[in-house]
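Have a look at the structure below, then the notes.
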Amino acid sequence: MAKGKSSRSRANAETMAAKQRDISVSEFFAKNRHLLGFDNPRKALLTTVKEAVDNALDACEEAGILPDIEVKIEEVTPPPAVSKPGRYRVTITDNGPGIVRKQVENIFGRLLYGSKFHRLKMSRGQQGIGISAAGMYGLMTTGKPMVITTRPHKNKPAHHLELAMDTSKNKPEVTIDVETDDFPEGTGTRVAIEMEAKFFRGKGSVETYLEQTAISNPHCSITFIPPDKANENPDLAEADPDITADDQGIVRTQEFSDRIVYPRTVDELPPETEEIKPHPYGVELGTFLSKLKQTEEKQLTGFFKNEFCRVPPSVVASVTKEASTKSKSFSGSTWVKTIDSHDAEKIYKALQESKLRAPPTDCLSPIGVKTMLAGLLKGVKAEFYTASTRKPAVYRGNPFQIEAAIAYGGDLPGDQQARVIRYANRVPLLYQQSACSAFKSVVDTSWKNYGMQQPRGGAPVGPLVVMIHMASVWVPFTSESKEAIADYDEIRKEMTLALQECGRKLGQYIRRRQRMKRDAQKRDVFERYIGEIAKACNHLTGVDTKDFYDKLLEQAKARTEIADAQLDDEGNFVKDEHGRLAKDDDVIILDSKAVDDASPEGDSTISETKPVTKKKRVTKKASKKKRTTKKTTKSASGLFGG
Amino acid sequence: MAKKKTSKKKVVKKKVVKKAATKKTSKKVSKKKTTKKSSASTRTKSHSRAERDARTAEKLSGLAQNIVDSVFAGSEPEMDVPVRAASNTNWNAKKGILEMGDSVGNRQLFNLGQARKFMQTLIHSKSVDELLEADKTLSLRGMFYKSLHDIEGTKEKTFDDQTESDGILEDLEVSLGSLREELHIFAKKRGTMVGNITVVDNGDEINCRKMGSGGYAIPSICEPDVIQFKNIDAKFILHVEKDTVWQRFNEDRFWEKHNCILTEGSGQPTRGVRRMLHRLNKEHGLPIYCLLDCDPWGHYIYSVIKQGSISLAFESSRLAIPDAKFLGIRAIDYERCDLSDDVKISLNDRDISRAKQIAAYPWFEKDKQWQREIKKMLSNGFKMEVESLITKDISYVTEEYVPARLKAKDWLG
């Protein structure tokens, strides 16, 4: 046996060397596509749409354009069996700035090519692998190239390209390159990818992703054309280009026979964010060393000034002094070239131990309280909305900011666990909920204090939607597929604080609502009786029935004023004749059905009994509508025939 | 339904008048109304009664005016209603009657627990005022129907049942300090009498010696302006608990033989019966002997006749007869009269606790005879009805039992 085996020549260094060669990044990811979110046909559609929409939004915002995005999914070949994937064509069109011709191949055809990786700036995409990976996935499963149409200049024809990727070289191959006029007016980009996938709805679907994106980005308008819309609900209306407000005066997401429209409810783009240099606390030794090698600066002071933030010359002086030894001393004017790796390690250590100011936070662009409320108002039918934005904080030298918002009551199901929607830099996170820091902080918060039910070690139960957003120049994801936020203590703490701020307001609202309900019932009783009393007193004393009735009604109202009190952001009562608040606040309360249901009689007394709740509009369009929809209150004179 | 419609029309009409008139004129209208009323009433009723009605009407409008004034002054609409409860009932040992205390409850409109009663009191006030205006009287049940309607715009009724209405009327009596008859309200007739007396009822002379087998039904209002007495030959009154026993005595012409008046209250005597007994006792000095069952209920009836009741404590001075006597049935009668076992009705738990309550009444508490009586009944473990004496002989009670007791002056006081 041993003899026979030994006769076969074993590999030696040379033969092995012959097989050793570069591994292309594209090849690596082609084999490990699950790392990019293409693990199964169900997820493929979502990841593709997600990458394309993220890119489109980033591009639009950077160019200062209010995004209009259309996502269309067509069924090319239906799934042959329930368990097998079908073939779909995904087309995403935006009104962004377009892409100049020579960059098209790089952006769509190469993995790890992008503008976002090397800088520390808050943006949706980070690694620059997304859309090209989607194209690669399509090519691998269908053999069809990616079709790109883009018009970077308004009045010139658009470029129409078909790209296939050569995975071994990480280089794209352009199969078609023509100019075309078949593109909507203005600038923009359209990407179409055909791929094997499974289309579905519900949790983790394209629709959920778009819905949540619309919530966190109320400044964008998204149209979604799914493949099977028409067959599902024949009652839906034809698409109507005019989005109208509903009877509460709120512009909400609308479903049509062939599409779902997520309308724009905020007309302002999020403020542009600044790019920042890395903060020393967030830099590891290896990075520090490579920065030293690559820098164009000659002296240490310049090196620190240009490569990092928060390291002024005074700090450089103290750090170099700290790192100096008898044999070798450093200062700000030490030449970068003279520093070997041993010296660098010393300086690095001294730097980590020195006290540095926190990184600047103008690089962060939180969604903001008003915008979050506008987003929730559009996407979630509730009666109470509140939001809170924390001050920026820092983890590992990276500035970040946490925001939370909640919607409560209304049409939300009351017997289920609260829905937690998570965002990182405005991008919804759909998978791995329980691994995410955001979800953990929801579980950690004790909602019982705020009038909610909460099973031990779980999310609260009740008609509640919890939204958590983390804005950062570098969001720490647990994996490359960007699905869950890593559990840093600093992040978790900020999330919990933000949730508590919202929770307190919710608790106040729930408690006040109970009081309002009681008072509304009381008023209902009083109002029922004062008509009789007025008549009896008229008979006995000759007092004018109407006068006396009005006077009694006035008293009855005064005694049950909580029933139509308004709540300000602190949950205190604010009296306002018009039933709304003028001041900026972070709470929206809509007509609550619960209070209506409390009154035993149908409609005759209700107009007086119903507490006037404040309604706040976010867009100008909506507030116009409101006046017309406001119910006319029936006056007491109805009782006496006017 | 039809009634409701007409009342609605009335309201609308009034309103039109009011609308046309200014505030001042509307006051004049009301004044006119009252003058009209009094002129109309003088024609039909006696001067004193007209005066009394005017007084009552004034009290009613005063009650409402107070509320109107306080509402226009911006303060809480409320009315004072004396508390009709055991807590506000005092035992006046000197007079030997129950009296109502001074505590007054505030009935407020803007109090969830009182709002409905507040409204009901005013609705009844209005109904009473209308009665006075028309110079007619209504029964308690009639008042219930008069004030009954759906509250405007709802399906809620002003009164759920007569009990609710009766309670409010009693409240009204107390808070106005007017008696039921002054409010032109009477109760259902209950109670009968025969005997050597002539009663003048609303001008008609009724000879109670010639009432056949039915007897004279005691009216619910026995005030001097309605009822006067004539030819009182009787020397005492025998009051029995119920009609069946009264029939026995009447058939045996007991009142003729013993020269007395025979009355019956069908259980707990109504105010009419009590007022009648009270007047005969106070005005004409007739002693009253009660023949009641030997059970806590019988003892309670005696207590009410003698001292008054809690809910009508405000009328005790006109109703209570402190020197009424309890003739029987006594607990010892089972042995004394040698009754058979068949008459025993065993005491249940409620009877026992009721008996203990009665024994603790302040007017029984220090009465050794009564303590012995109740103790004996409890130790017997059974109660007896007056009819139990029939087991001895059909007329045993009229021919032997009562005469023997009276002769021996054997009674409880």
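Going by the structure tokens order, chains are called A, B, ..., each with residues numbered from 1, while ligands are numbered from 1 in the order shown.
Neighbouring residues of region 163-179 of chain B at 8 Å or closer, counting only C-alpha atoms and skipping chain neighbours under 3 positions away, are Thr56, Lys59, Leu60, Leu63, Asp80, Val81, Pro82, Arg84, Lys117, Gln120, Thr121, His124, Ser125, Leu140, Met143, Phe144, Phe159, Asp160, Glu182, Leu183 and Phe314 of chain B.
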Same residues, N, CA and C atoms, output as a compact mmCIF listing (two decimals), in the first residue's frame:
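So again10.txt came out as:
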# COMPACT_ATOMS: atom_id res chain seq x y z
N THR B 56 -96.97 76.33 48.79
CA THR B 56 -96.20 75.22 48.22
C THR B 56 -95.59 75.62 46.87
N LYS B 59 -92.61 77.66 47.40
CA LYS B 59 -91.46 76.86 47.82
C LYS B 59 -90.81 76.18 46.63
N LEU B 60 -91.67 75.66 45.73
CA LEU B 60 -91.15 74.97 44.55
C LEU B 60 -90.35 75.91 43.67
N LEU B 63 -87.08 76.76 45.22
CA LEU B 63 -86.07 75.70 45.04
C LEU B 63 -85.37 75.86 43.68
N ASP B 80 -80.41 71.46 48.74
CA ASP B 80 -80.26 70.80 50.03
C ASP B 80 -81.37 69.79 50.21
N VAL B 81 -80.98 68.57 50.49
CA VAL B 81 -81.96 67.53 50.76
C VAL B 81 -81.62 66.91 52.10
N PRO B 82 -82.49 67.06 53.10
CA PRO B 82 -82.22 66.45 54.39
C PRO B 82 -82.00 64.95 54.22
N ARG B 84 -82.31 61.23 54.63
CA ARG B 84 -83.31 60.31 55.17
C ARG B 84 -82.65 58.95 55.35
N LYS B 117 -80.43 62.04 40.09
CA LYS B 117 -81.41 62.38 41.12
C LYS B 117 -81.73 63.87 41.10
N GLN B 120 -84.13 64.33 38.39
CA GLN B 120 -85.44 63.77 38.73
C GLN B 120 -86.18 64.66 39.73
N THR B 121 -85.46 65.22 40.67
CA THR B 121 -86.10 66.08 41.66
C THR B 121 -86.75 67.28 40.96
N HIS B 124 -89.85 66.24 38.96
CA HIS B 124 -90.99 66.04 39.85
C HIS B 124 -91.50 67.38 40.38
N SER B 125 -90.60 68.31 40.65
CA SER B 125 -91.03 69.63 41.11
C SER B 125 -91.95 70.26 40.08
N LEU B 140 -99.12 58.14 43.76
CA LEU B 140 -97.68 58.01 43.55
C LEU B 140 -97.40 57.42 42.18
N MET B 143 -97.93 59.97 39.56
CA MET B 143 -96.80 60.90 39.47
C MET B 143 -95.66 60.27 38.67
N PHE B 144 -95.47 58.97 38.89
CA PHE B 144 -94.42 58.27 38.16
C PHE B 144 -94.67 58.41 36.66
N PHE B 159 -87.32 58.02 34.75
CA PHE B 159 -87.39 57.14 35.93
C PHE B 159 -87.42 55.69 35.45
N ASP B 160 -86.67 54.87 36.14
CA ASP B 160 -86.66 53.46 35.75
C ASP B 160 -87.89 52.74 36.27
N GLU B 182 -99.83 68.22 50.70
CA GLU B 182 -99.62 69.60 50.23
C GLU B 182 -99.08 69.62 48.81
N LEU B 183 -98.45 68.51 48.44
CA LEU B 183 -97.95 68.41 47.08
C LEU B 183 -98.99 67.82 46.13
N PHE B 314 -89.31 62.51 59.45
CA PHE B 314 -89.69 63.94 59.47
C PHE B 314 -91.16 64.13 59.77
* To do: Output the contact residues of chain A with respect to chain B at a cut-off of 6 Å, based on only C-alpha atoms, as a PyMOL selection string.
  => chain A and resi 533+536-537+540-542
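Using only C-alpha atoms, the protein and nucleic acid residues lying no more than 10 Å from Val397 (chain B), apart from those fewer than 3 places from it along its own chain, are B:Val245, B:Arg248, B:Phe249, B:Val386, B:Glu387, B:Ser388, B:Leu389, B:Ile390, B:Lys392, B:Asp393, B:Ile394, B:Glu400, B:Tyr401, B:Val402, B:Pro403, B:Ala404.
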Save the residues we just selected, N, CA and C atoms, as an mmCIF file, in the first residue's frame?
data_model
loop_
_atom_site.group_PDB
_atom_site.id
_atom_site.type_symbol
_atom_site.label_atom_id
_atom_site.label_comp_id
_atom_site.auth_asym_id
_atom_site.auth_seq_id
_atom_site.Cartn_x
_atom_site.Cartn_y
_atom_site.Cartn_z
ATOM 1 N N VAL B 245 -107.851 38.846 59.407
ATOM 2 C CA VAL B 245 -108.181 38.881 60.840
ATOM 3 C C VAL B 245 -109.293 39.904 61.085
ATOM 4 N N ARG B 248 -112.656 38.570 60.427
ATOM 5 C CA ARG B 248 -113.130 37.726 61.525
ATOM 6 C C ARG B 248 -113.822 38.587 62.593
ATOM 7 N N PHE B 249 -113.113 39.664 62.975
ATOM 8 C CA PHE B 249 -113.636 40.540 64.038
ATOM 9 C C PHE B 249 -114.907 41.243 63.583
ATOM 10 N N VAL B 386 -101.598 35.512 63.815
ATOM 11 C CA VAL B 386 -102.832 35.697 64.576
ATOM 12 C C VAL B 386 -103.811 34.573 64.260
ATOM 13 N N GLU B 387 -103.790 34.162 62.971
ATOM 14 C CA GLU B 387 -104.725 33.109 62.549
ATOM 15 C C GLU B 387 -104.501 31.789 63.271
ATOM 16 N N SER B 388 -103.340 31.631 63.895
ATOM 17 C CA SER B 388 -103.063 30.357 64.562
ATOM 18 C C SER B 388 -104.093 30.079 65.656
ATOM 19 N N LEU B 389 -104.693 31.156 66.199
ATOM 20 C CA LEU B 389 -105.687 30.967 67.253
ATOM 21 C C LEU B 389 -106.943 30.272 66.720
ATOM 22 N N ILE B 390 -107.112 30.286 65.411
ATOM 23 C CA ILE B 390 -108.286 29.637 64.815
ATOM 24 C C ILE B 390 -108.254 28.130 65.069
ATOM 25 N N LYS B 392 -107.826 26.730 67.731
ATOM 26 C CA LYS B 392 -108.592 26.469 68.957
ATOM 27 C C LYS B 392 -110.094 26.469 68.635
ATOM 28 N N ASP B 393 -110.520 27.581 68.032
ATOM 29 C CA ASP B 393 -111.930 27.721 67.661
ATOM 30 C C ASP B 393 -112.022 28.866 66.681
ATOM 31 N N ILE B 394 -113.013 28.823 65.801
ATOM 32 C CA ILE B 394 -113.087 29.845 64.761
ATOM 33 C C ILE B 394 -113.130 31.232 65.390
ATOM 34 N N GLU B 400 -112.628 35.120 73.044
ATOM 35 C CA GLU B 400 -111.912 34.806 74.284
ATOM 36 C C GLU B 400 -110.592 35.541 74.399
ATOM 37 N N TYR B 401 -109.753 35.402 73.331
ATOM 38 C CA TYR B 401 -108.377 35.889 73.444
ATOM 39 C C TYR B 401 -108.334 37.388 73.724
ATOM 40 N N VAL B 402 -108.906 38.183 72.824
ATOM 41 C CA VAL B 402 -108.785 39.636 72.973
ATOM 42 C C VAL B 402 -109.533 40.139 74.213
ATOM 43 N N PRO B 403 -110.771 39.717 74.429
ATOM 44 C CA PRO B 403 -111.444 40.200 75.632
ATOM 45 C C PRO B 403 -110.662 39.871 76.906
ATOM 46 N N ALA B 404 -110.091 38.676 76.943
ATOM 47 C CA ALA B 404 -109.337 38.281 78.135
ATOM 48 C C ALA B 404 -108.128 39.184 78.333
#
* Straight-line distance linking CA of Tyr209 (chain A) with CA of Ile99 (chain A), stated in Å to one decimal ->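 Going from CA of Tyr209 (chain A) over to CA of Ile99 (chain A) covers 25.2 Å.
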* To do: Based on DSSP run over this structure's backbone, return all residues of region 206-263 of chain B in strand (DSSP E or B), as a PyMOL selection string.
  => chain B and resi 206-207+216-217+227-230+236-240+260-263
Given the selection you just returned, output its residues as a file containing N, CA and C atoms, formatted as a JSON list (two decimals), in the first residue's frame.
[["chain", "number", "residue", "atom", "x", "y", "z"],
["B", 206, "ILE", "N", -119.92, 59.64, 56.76],
["B", 206, "ILE", "CA", -119.84, 58.19, 56.62],
["B", 206, "ILE", "C", -120.02, 57.58, 58.00],
["B", 207, "ASN", "N", -121.06, 56.85, 58.15],
["B", 207, "ASN", "CA", -121.32, 56.20, 59.42],
["B", 207, "ASN", "C", -120.61, 54.87, 59.43],
["B", 216, "TYR", "N", -114.99, 50.76, 55.85],
["B", 216, "TYR", "CA", -114.65, 52.04, 55.24],
["B", 216, "TYR", "C", -113.16, 52.05, 54.89],
["B", 217, "ALA", "N", -112.86, 52.32, 53.62],
["B", 217, "ALA", "CA", -111.46, 52.33, 53.21],
["B", 217, "ALA", "C", -110.82, 53.63, 53.69],
["B", 227, "ILE", "N", -110.83, 65.22, 56.48],
["B", 227, "ILE", "CA", -111.53, 64.27, 57.37],
["B", 227, "ILE", "C", -111.85, 64.93, 58.71],
["B", 228, "GLN", "N", -113.09, 64.88, 59.06],
["B", 228, "GLN", "CA", -113.49, 65.30, 60.41],
["B", 228, "GLN", "C", -114.25, 64.15, 61.06],
["B", 229, "PHE", "N", -114.33, 64.20, 62.40],
["B", 229, "PHE", "CA", -114.99, 63.11, 63.12],
["B", 229, "PHE", "C", -116.27, 63.62, 63.78],
["B", 230, "LYS", "N", -117.19, 62.72, 63.93],
["B", 230, "LYS", "CA", -118.49, 63.03, 64.54],
["B", 230, "LYS", "C", -118.95, 61.83, 65.34],
["B", 236, "PHE", "N", -112.12, 52.70, 72.49],
["B", 236, "PHE", "CA", -110.73, 52.37, 72.12],
["B", 236, "PHE", "C", -110.68, 51.92, 70.68],
["B", 237, "ILE", "N", -109.45, 51.72, 70.19],
["B", 237, "ILE", "CA", -109.27, 51.23, 68.82],
["B", 237, "ILE", "C", -108.51, 49.92, 68.87],
["B", 238, "LEU", "N", -109.03, 48.94, 68.15],
["B", 238, "LEU", "CA", -108.28, 47.70, 68.00],
["B", 238, "LEU", "C", -107.74, 47.69, 66.57],
["B", 239, "HIS", "N", -106.42, 47.70, 66.51],
["B", 239, "HIS", "CA", -105.80, 47.67, 65.17],
["B", 239, "HIS", "C", -105.24, 46.29, 64.94],
["B", 240, "VAL", "N", -105.65, 45.65, 63.85],
["B", 240, "VAL", "CA", -105.11, 44.31, 63.55],
["B", 240, "VAL", "C", -104.24, 44.39, 62.31],
["B", 260, "CYS", "N", -115.94, 49.77, 70.18],
["B", 260, "CYS", "CA", -114.61, 50.25, 69.77],
["B", 260, "CYS", "C", -114.59, 50.52, 68.28],
["B", 261, "ILE", "N", -113.42, 50.91, 67.81],
["B", 261, "ILE", "CA", -113.19, 51.06, 66.37],
["B", 261, "ILE", "C", -112.23, 49.96, 65.97],
["B", 262, "LEU", "N", -112.50, 49.37, 64.83],
["B", 262, "LEU", "CA", -111.68, 48.24, 64.37],
["B", 262, "LEU", "C", -110.96, 48.68, 63.10],
["B", 263, "THR", "N", -109.66, 48.69, 63.14],
["B", 263, "THR", "CA", -108.90, 49.09, 61.94],
["B", 263, "THR", "C", -107.95, 47.99, 61.52]]
* To do: Could you please write out, as a ChimeraX atom specification, every residue of region 104-237 of chain A that DSSP assigns to helix (DSSP H, G or I)?
  => /A:104-109,130-142,206-216,229-232
* Contact residues around region 73-87 of chain A with only C-alpha atoms at 12 Å, ignoring same-chain residues under 5 positions, as an NGL selection string -> :A and (40-46 or 48-49 or 92-93 or 138 or 141-144 or 191-200 or 206-207 or 223-229 or 258-259)
* Asked: In Å, with one decimal, what is the gap from CA of Ala459 (chain A) to CA of Ser365 (chain A)?
  -> 28.1 Å
* **Selection near region 469-474 of chain A, 8 Å with only C-alpha atoms, sequence-local residues under 4 positions removed, as a PyMOL selection string** => chain A and resi 120-123+363-366+398-404+422-426
Taking C-alpha atoms for each residue, export the selection above as a compact mmCIF listing (two decimals), in the first residue's frame.
# COMPACT_ATOMS: atom_id res chain seq x y z
CA LEU A 120 -15.67 58.85 6.79
CA LYS A 121 -18.95 60.31 5.81
CA MET A 122 -22.48 59.40 6.69
CA SER A 123 -24.04 57.69 3.71
CA CYS A 363 -20.79 64.94 10.08
CA LEU A 364 -24.03 63.45 11.32
CA SER A 365 -27.38 64.04 9.76
CA PRO A 366 -30.11 62.71 11.99
CA ASN A 398 -16.76 57.25 15.61
CA PRO A 399 -19.43 59.84 16.21
CA PHE A 400 -22.96 58.55 16.11
CA GLN A 401 -26.43 59.70 16.96
CA ILE A 402 -29.47 57.71 18.02
CA GLU A 403 -33.08 58.57 17.30
CA ALA A 404 -36.25 56.84 18.32
CA ARG A 422 -34.58 49.54 12.70
CA TYR A 423 -32.52 51.89 10.59
CA ALA A 424 -28.86 52.53 10.06
CA ASN A 425 -28.17 55.77 8.22
CA ARG A 426 -31.83 55.79 7.10
* Structure fact -> Counting only C-alpha atoms, the residue among A:Arg390, A:Glu561, A:Met516, A:Phe108 that lies closest to Glu501 (chain A) is A:Arg390
* When you draw a straight line from CA of Val283 (chain A) to CA of Gln433 (chain A), how long is it in Å? -> 28.6 Å
* Tell me, as a list in words, which residues lie within 9 Å of His278 (chain B), counting only C-alpha atoms; anything in the same chain fewer than 4 positions away does not count. =>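 Contacts, with the query itself left out: Val273, Arg274, Lys282, Glu283, Ile305, Arg318, Leu319, Ala320 and Ile321 of chain B.
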